[in-house]
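Participant: My file is my_file.csv. It has CSV, C-alpha atoms:
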chain,number,residue,atom,x,y,z
A,51,MET,CA,0.0,0.0,0.0
A,52,ARG,CA,1.0,3.6,-0.5
A,53,VAL,CA,0.3,6.1,2.2
A,54,ILE,CA,0.0,9.8,1.2
A,55,ALA,CA,0.3,12.6,3.8
A,56,THR,CA,-2.1,15.5,3.4
A,57,ASP,CA,-1.9,19.2,4.1
A,58,VAL,CA,-3.7,18.6,7.5
A,59,SER,CA,-1.6,16.6,10.0
A,60,ASP,CA,-2.8,13.1,10.8
A,61,VAL,CA,-5.2,12.8,7.9
A,62,LEU,CA,-3.9,10.1,5.4
A,63,VAL,CA,-4.9,9.0,2.0
A,64,ILE,CA,-4.2,5.3,1.5
A,65,ASP,CA,-3.8,3.6,-1.9
A,66,PRO,CA,-4.1,-0.2,-1.2
A,67,LYS,CA,-2.2,-2.4,-3.6
A,68,LEU,CA,-4.5,-3.9,-6.2
A,69,PHE,CA,-3.7,-7.2,-7.9
A,70,GLY,CA,-5.8,-7.7,-11.1
A,71,ASP,CA,-6.1,-9.5,-14.3
A,72,GLN,CA,-8.8,-10.5,-16.8
A,73,ARG,CA,-10.6,-12.5,-14.1
A,74,GLY,CA,-11.0,-9.6,-11.7
A,75,PHE,CA,-8.9,-8.3,-8.8
A,76,PHE,CA,-7.8,-8.8,-5.2
A,77,LEU,CA,-7.3,-6.0,-2.8
A,78,GLU,CA,-6.3,-6.2,0.9
A,79,THR,CA,-8.5,-3.5,2.6
A,80,TYR,CA,-6.9,-3.7,6.0
A,81,GLN,CA,-4.0,-5.4,7.7
A,82,SER,CA,-3.3,-4.2,11.3
A,83,THR,CA,0.5,-4.3,11.2
A,84,ARG,CA,0.8,-2.3,8.0
A,85,TYR,CA,-1.7,0.3,9.1
A,86,ALA,CA,-0.1,0.6,12.6
A,87,GLU,CA,3.2,1.5,10.9
A,88,HIS,CA,1.4,4.6,9.8
A,89,GLY,CA,-0.2,5.5,13.1
A,90,ILE,CA,-3.5,3.7,12.6
A,91,SER,CA,-3.2,1.4,15.6
A,92,ARG,CA,-6.4,1.4,17.7
A,93,PRO,CA,-8.5,-1.7,17.2
A,94,PHE,CA,-11.6,-1.2,15.0
A,95,VAL,CA,-14.8,-2.1,16.9
A,96,GLN,CA,-17.6,-1.2,14.4
A,97,ASP,CA,-18.0,-1.4,10.6
A,98,ASN,CA,-20.7,0.6,8.8
A,99,LEU,CA,-22.1,0.7,5.3
A,100,SER,CA,-24.4,3.3,3.8
A,101,ARG,CA,-26.0,3.5,0.4
A,102,SER,CA,-26.9,7.0,-0.9
A,103,ALA,CA,-28.2,8.5,-4.1
A,104,TYR,CA,-26.6,11.3,-6.2
A,105,GLY,CA,-26.4,14.6,-4.4
A,106,VAL,CA,-26.9,13.2,-0.9
A,107,LEU,CA,-24.6,14.9,1.5
A,108,ARG,CA,-24.0,13.3,4.9
A,109,GLY,CA,-22.1,15.4,7.5
A,110,LEU,CA,-20.2,17.0,9.0
A,111,HIS,CA,-20.3,14.7,12.0
A,112,LEU,CA,-18.1,13.7,14.9
A,113,GLN,CA,-18.4,12.4,18.4
A,114,ASN,CA,-17.0,13.9,21.6
A,115,PRO,CA,-15.9,12.9,24.2
A,116,MET,CA,-16.2,9.3,22.8
A,117,ALA,CA,-14.3,10.3,19.6
A,118,GLN,CA,-14.1,8.0,16.6
A,119,GLY,CA,-11.3,7.5,14.1
A,120,LYS,CA,-12.7,6.3,10.8
A,121,LEU,CA,-11.0,4.4,7.9
A,122,VAL,CA,-13.4,5.1,5.0
A,123,SER,CA,-13.7,3.8,1.4
A,124,VAL,CA,-16.3,3.5,-1.4
A,125,MET,CA,-17.3,0.0,-2.5
A,126,ARG,CA,-19.5,1.2,-5.4
A,127,GLY,CA,-19.9,4.6,-7.0
A,128,ARG,CA,-18.0,7.9,-6.3
A,129,VAL,CA,-18.0,10.4,-3.5
A,130,LEU,CA,-16.1,13.5,-2.4
A,131,ASP,CA,-15.0,12.7,1.2
A,132,VAL,CA,-14.1,15.5,3.6
A,133,ALA,CA,-12.3,15.6,7.0
A,134,VAL,CA,-12.2,18.9,9.0
A,135,ASP,CA,-9.9,19.4,11.9
A,136,VAL,CA,-12.1,20.7,14.7
A,137,ARG,CA,-9.7,20.2,17.6
A,138,ILE,CA,-9.5,23.3,19.8
A,139,GLY,CA,-5.8,24.4,19.8
A,140,SER,CA,-4.8,22.5,16.7
A,141,PRO,CA,-2.6,24.5,14.3
A,142,TYR,CA,-4.9,23.1,11.6
A,143,PHE,CA,-8.2,24.1,13.2
A,144,GLY,CA,-10.9,24.7,10.7
A,145,ARG,CA,-8.8,23.3,7.8
A,146,HIS,CA,-10.1,20.4,5.7
A,147,VAL,CA,-9.0,17.7,3.4
A,148,ALA,CA,-11.2,16.7,0.4
A,149,VAL,CA,-10.5,13.5,-1.5
A,150,GLU,CA,-12.5,11.7,-4.2
A,151,LEU,CA,-13.0,8.1,-3.2
A,152,SER,CA,-14.4,5.7,-5.8
A,153,GLU,CA,-14.8,2.1,-6.8
A,154,GLU,CA,-12.2,2.8,-9.6
A,155,ASN,CA,-9.5,4.3,-7.5
A,156,ARG,CA,-10.1,2.1,-4.4
A,157,ARG,CA,-8.6,4.8,-2.2
A,158,GLN,CA,-9.2,5.0,1.6
A,159,LEU,CA,-9.1,8.1,3.8
A,160,TRP,CA,-8.1,7.9,7.4
A,161,VAL,CA,-10.2,10.4,9.4
A,162,PRO,CA,-8.5,10.7,12.9
A,163,ARG,CA,-10.3,11.3,16.2
A,164,GLY,CA,-11.2,15.0,16.6
A,165,PHE,CA,-12.1,15.5,13.0
A,166,ALA,CA,-15.6,16.2,11.6
A,167,HIS,CA,-16.4,14.0,8.6
A,168,GLY,CA,-18.8,14.1,5.7
A,169,PHE,CA,-19.2,13.1,2.1
A,170,VAL,CA,-21.4,13.9,-0.9
A,171,VAL,CA,-22.3,11.4,-3.6
A,172,LEU,CA,-21.1,12.3,-7.1
A,173,SER,CA,-22.4,9.1,-8.9
A,174,GLU,CA,-25.9,7.8,-9.4
A,175,THR,CA,-25.5,5.9,-6.1
A,176,ALA,CA,-22.7,5.1,-3.8
A,177,ASP,CA,-22.0,2.4,-1.2
A,178,PHE,CA,-19.8,4.0,1.5
A,179,PHE,CA,-17.9,1.8,4.0
A,180,TYR,CA,-16.2,2.8,7.2
A,181,LYS,CA,-14.4,1.1,10.0
A,182,CYS,CA,-14.6,2.9,13.3
A,183,ASP,CA,-12.3,2.7,16.3
A,184,GLU,CA,-15.0,3.6,18.7
A,185,PHE,CA,-18.7,2.6,18.9
A,186,TYR,CA,-21.4,5.0,17.8
A,187,HIS,CA,-22.7,7.0,20.8
A,188,PRO,CA,-25.7,9.2,19.8
A,189,LYS,CA,-25.5,11.4,22.9
A,190,ASP,CA,-21.9,12.3,22.0
A,191,GLU,CA,-22.6,13.2,18.4
A,192,ILE,CA,-21.8,16.7,17.2
A,193,VAL,CA,-22.9,18.1,13.8
A,194,VAL,CA,-21.2,21.1,12.1
A,195,ARG,CA,-22.8,23.0,9.3
A,196,TRP,CA,-21.8,21.5,5.9
A,197,ASP,CA,-21.5,24.9,4.1
A,198,ASP,CA,-19.8,26.9,6.8
A,199,PRO,CA,-18.0,29.7,4.9
A,200,ALA,CA,-15.2,29.7,7.4
A,201,ILE,CA,-14.4,26.1,6.4
A,202,GLY,CA,-14.9,26.7,2.7
A,203,ILE,CA,-15.6,23.2,1.3
A,204,LYS,CA,-16.3,23.1,-2.4
A,205,TRP,CA,-18.6,20.1,-2.5
A,206,GLY,CA,-19.2,20.0,-6.3
A,207,VAL,CA,-22.9,19.5,-6.0
A,208,GLU,CA,-25.6,22.2,-6.2
A,209,ASN,CA,-28.5,21.8,-3.8
A,210,PRO,CA,-27.4,18.7,-2.0
A,211,SER,CA,-30.0,16.4,-0.3
A,212,LEU,CA,-29.5,16.8,3.4
A,213,ALA,CA,-30.9,15.3,6.6
A,214,VAL,CA,-32.9,17.7,8.8
A,215,ARG,CA,-30.2,17.7,11.4
A,216,ASP,CA,-27.4,18.5,8.9
A,217,ALA,CA,-29.4,21.3,7.3
A,218,ALA,CA,-30.0,22.9,10.7
A,219,ALA,CA,-26.4,22.3,12.1
A,220,PRO,CA,-24.6,25.3,13.6
A,221,LEU,CA,-21.5,26.9,12.2
A,222,LEU,CA,-18.2,25.7,13.6
A,223,SER,CA,-17.7,28.9,15.6
A,224,GLU,CA,-21.0,28.2,17.4
A,225,VAL,CA,-20.4,24.5,18.3
A,226,LYS,CA,-19.8,23.7,22.0
A,227,ASN,CA,-17.9,20.7,23.4
A,228,LEU,CA,-15.3,20.4,20.6
A,229,PRO,CA,-12.4,18.0,21.2
A,230,VAL,CA,-9.1,19.5,22.4
A,231,TYR,CA,-5.9,19.0,20.4
A,232,GLY,CA,-3.6,16.5,22.1
A,233,GLN,CA,-6.4,15.0,24.2
A,234,VAL,CA,-8.2,12.8,21.6
Any chance you could give the structure as structure tokens?

Facilitator:
Amino acid sequence: MRVIATDVSDVLVIDPKLFGDQRGFFLETYQSTRYAEHGISRPFVQDNLSRSAYGVLRGLHLQNPMAQGKLVSVMRGRVLDVAVDVRIGSPYFGRHVAVELSEENRRQLWVPRGFAHGFVVLSETADFFYKCDEFYHPKDEIVVRWDDPAIGIKWGVENPSLAVRDAAAPLLSEVKNLPVYGQV
């Protein structure tokens, strides 16, 4: 696998090694020792799969204090995936990484604890898979406004389809109980 550092510390793009021929392909999606060599070492405790139609935007979500790290990929379709550093005191606070993940490029994105996460579907449908290093705790969930001008994400979709809670989410500057840099 090839691991690519991003402009925001701790967020990684991972290109797993693909072995293919006329019969199809083989791809190792996770191997604990190799990922631990790049700082992804907590055990994964929950896997999630979502299917969404074109233009569906999910996010920006995180948990605190029961923070989750997420290793995300797309099984079918194509999405723009985004991680936003929301750790109070981080030198990267408010900065984001946006990466296209698709069934063609088979890329993964490591979204560390303390980052808000979201994606928008760019294909007709997309199956989005994520491994989490903490269980889902609804009472700890925090939602940040997807179109916060201070974050400046260019989603590439006009009039995305949003859940009610995502459409009503506060701006990052209004969110309480954000994680603290160095403590997640």

Participant: I'd like the contact shell of Asp131 (chain A) - 7 Å cut-off, all atoms listed in the file, skipping same-chain residues fewer than 4 positions apart - returned as number ranges by chain.

Facilitator: A: 148-151, 168-170

Participant: Between A:Leu112, A:Val147, A:Met125, A:Ile203, which residue has the minimum interatomic distance to Leu228 (chain A), considering all atoms listed in the file?

Facilitator: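 Result for the nearest residue to Leu228 (chain A): A:Leu112.
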
Participant: Hey, what's within 12 Å of Pro141 (chain A) if we count all atoms listed in the file and toss same-chain stuff fewer than 5 positions away? As number ranges by chain, please?

Facilitator: A: 57-60, 135-136, 230-232

Participant: Skipping near chain neighbours, those fewer than 6 positions away, what residues fall within 10 Å of region 216-220 of chain A using all atoms listed in the file, listed as a list in words?

Facilitator: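 So, after excluding close chain neighbours, the residues are Leu107, Arg108, Gly109, Leu110, His111, Ile192, Val193, Val194, Arg195, Trp196, Asp197, Asp198, Pro210 and Lys226 of chain A.
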
Participant: Could you write out that same residue set with C-alpha atoms as an mmCIF file, keeping the file's coordinate frame?

Facilitator:
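Wrote it out as part_30.cif, contents follow:
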data_model
loop_
_atom_site.group_PDB
_atom_site.id
_atom_site.type_symbol
_atom_site.label_atom_id
_atom_site.label_comp_id
_atom_site.auth_asym_id
_atom_site.auth_seq_id
_atom_site.Cartn_x
_atom_site.Cartn_y
_atom_site.Cartn_z
ATOM 1 C CA LEU A 107 -24.600 14.900 1.500
ATOM 2 C CA ARG A 108 -24.000 13.300 4.900
ATOM 3 C CA GLY A 109 -22.100 15.400 7.500
ATOM 4 C CA LEU A 110 -20.200 17.000 9.000
ATOM 5 C CA HIS A 111 -20.300 14.700 12.000
ATOM 6 C CA ILE A 192 -21.800 16.700 17.200
ATOM 7 C CA VAL A 193 -22.900 18.100 13.800
ATOM 8 C CA VAL A 194 -21.200 21.100 12.100
ATOM 9 C CA ARG A 195 -22.800 23.000 9.300
ATOM 10 C CA TRP A 196 -21.800 21.500 5.900
ATOM 11 C CA ASP A 197 -21.500 24.900 4.100
ATOM 12 C CA ASP A 198 -19.800 26.900 6.800
ATOM 13 C CA PRO A 210 -27.400 18.700 -2.000
ATOM 14 C CA LYS A 226 -19.800 23.700 22.000
#

Participant: Quick one, how far is CA of Glu208 (chain A) from CA of Phe143 (chain A)?

Facilitator: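 For CA of Glu208 (chain A) relative to CA of Phe143 (chain A), the distance reads 26.1 Å.
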
Participant: Have a look at A:Pro115, A:Pro199, A:Gly127, A:Gly89 and name the one nearest to Ser102 (chain A); count all atoms listed in the file.

Facilitator: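 The closest residue to Ser102 (chain A) is A:Gly127.
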
Participant: Please compute the CA of Trp205 (chain A)-CA of Val225 (chain A) distance, one decimal, in Å.

Facilitator: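 Between CA of Trp205 (chain A) and CA of Val225 (chain A) the gap is 21.3 Å.
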
Participant: For Phe185 (chain A), which of A:Val129, A:Val207, A:Val214, A:Met116 is the closest residue, counting all atoms listed in the file?

Facilitator: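 Going through A:Val129, A:Val207, A:Val214, A:Met116 one by one, the smallest distance to Phe185 (chain A) is for A:Met116.
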
Participant: Could you give me, as a list in words, the residues within 6 Å of Leu121 (chain A), counting only C-alpha atoms and dropping anything in the same chain fewer than 6 positions from it?

Facilitator: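 Those residues are Leu159, Trp160, Tyr180 and Lys181 of chain A.
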